[in-house]
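To start, the structure itself, in structure tokens.
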Amino acid sequence: MVPDASAFSDCSPVALSGSPSQVEWADRIRLQVNAEFDRVAASFRSVASKQNNGKRTDTESIIAILEEKRAEEMSNNQAGYFIHDWQEISDQVRQMIFRDARYQAIKNNWAIPKTTLGRLAAL
């Protein structure tokens, strides 16, 4: 089973380094970043709940990738990183997932029609 966001939100946040004003600003941004990960995860969970077993397994794998990316991002201790890279949240989370090689492999598997897979297996 894929961990949900609460598995990561219970972790104590990494102390940020930077000037006091940078740390205060970055802490506010980190809350927004975490909320964005929550939003994207909720969307994927909603989709997964409506899928058959095969697709659901793939979507749960994508959620696991998402949660790994969340942990990586939230472990960054540089206030300047959050200020520079996350101040304007748009589609960074989605793009992070789309660039992941594991996601690309899942997506490529979806692109191959099942009839083609059957013919390839017969070769």
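All residue names refer to the structure tokens as shown: chains lettered A, B, ... in order, residues numbered from 1 in each chain, ligands numbered from 1 in order.
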List the spatial neighbours of Trp110 (chain A) as a CSV table (one decimal) with N, CA and C atoms, in the first residue's frame - criterion: any atom at most 10 Å away, only C-alpha atoms, same-chain residues fewer than 6 positions off excluded.
chain,number,residue,atom,x,y,z
A,55,LYS,N,-4.4,-0.8,-13.7
A,55,LYS,CA,-4.2,0.7,-13.7
A,55,LYS,C,-4.0,1.3,-12.3
A,58,ASP,N,-0.5,0.9,-11.2
A,58,ASP,CA,0.4,1.9,-11.8
A,58,ASP,C,0.2,3.2,-11.1
A,104,GLN,N,8.0,7.7,-16.6
A,104,GLN,CA,8.0,7.6,-18.0
A,104,GLN,C,7.9,6.1,-18.4
If you run DSSP on the backbone here, which positions in chain A get helix (DSSP H, G or I)? Please write them as a ChimeraX atom specification. /A:6-9,20-49,53-74,79-86,92-99,101-111,114-122
Between CA of Tyr103 (chain A) and CA of Phe37 (chain A), measure the distance and give it in Å to one decimal.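 These two atoms are separated by 16.2 Å.
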Excluding region 71-83 of chain A and any residue of its chain fewer than 6 positions from it, enumerate the residues within 8 Å of it, using only C-alpha atoms, and give them as a count of residues only. 15
List the spatial neighbours of Ala41 (chain A) as a ChimeraX atom specification - criterion: any atom at most 10 Å away, only C-alpha atoms, same-chain residues fewer than 6 positions off excluded. /A:4-5,35,47,60,62-64,66-67,93
Mind dumping the selected residues with N, CA and C atoms as an mmCIF file, in the first residue's frame?
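So result.cif came out as:
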data_model
loop_
_atom_site.group_PDB
_atom_site.id
_atom_site.type_symbol
_atom_site.label_atom_id
_atom_site.label_comp_id
_atom_site.auth_asym_id
_atom_site.auth_seq_id
_atom_site.Cartn_x
_atom_site.Cartn_y
_atom_site.Cartn_z
ATOM 1 N N ASP A 4 0.300 7.537 2.691
ATOM 2 C CA ASP A 4 -0.370 8.792 2.362
ATOM 3 C C ASP A 4 0.419 9.950 2.938
ATOM 4 N N ALA A 5 -0.054 11.143 2.695
ATOM 5 C CA ALA A 5 0.679 12.350 3.077
ATOM 6 C C ALA A 5 0.929 12.423 4.571
ATOM 7 N N ALA A 35 1.270 21.568 0.842
ATOM 8 C CA ALA A 35 -0.145 21.577 0.456
ATOM 9 C C ALA A 35 -0.300 21.230 -1.026
ATOM 10 N N VAL A 47 -8.297 9.264 -8.673
ATOM 11 C CA VAL A 47 -8.247 8.506 -9.924
ATOM 12 C C VAL A 47 -8.070 7.016 -9.625
ATOM 13 N N GLU A 60 -0.887 3.856 -8.102
ATOM 14 C CA GLU A 60 -0.300 3.802 -6.762
ATOM 15 C C GLU A 60 1.220 3.910 -6.824
ATOM 16 N N ILE A 62 2.781 5.686 -9.052
ATOM 17 C CA ILE A 62 3.000 7.119 -9.282
ATOM 18 C C ILE A 62 2.868 7.893 -7.985
ATOM 19 N N ILE A 63 1.913 7.513 -7.151
ATOM 20 C CA ILE A 63 1.752 8.173 -5.847
ATOM 21 C C ILE A 63 3.002 7.939 -4.993
ATOM 22 N N ALA A 64 3.558 6.747 -5.060
ATOM 23 C CA ALA A 64 4.794 6.466 -4.306
ATOM 24 C C ALA A 64 5.936 7.351 -4.808
ATOM 25 N N LEU A 66 5.549 10.294 -6.160
ATOM 26 C CA LEU A 66 5.190 11.615 -5.651
ATOM 27 C C LEU A 66 5.625 11.790 -4.199
ATOM 28 N N GLU A 67 5.350 10.808 -3.373
ATOM 29 C CA GLU A 67 5.707 10.916 -1.953
ATOM 30 C C GLU A 67 7.225 10.907 -1.752
ATOM 31 N N VAL A 93 5.289 20.315 -9.116
ATOM 32 C CA VAL A 93 5.105 18.945 -8.620
ATOM 33 C C VAL A 93 4.782 18.015 -9.791
#
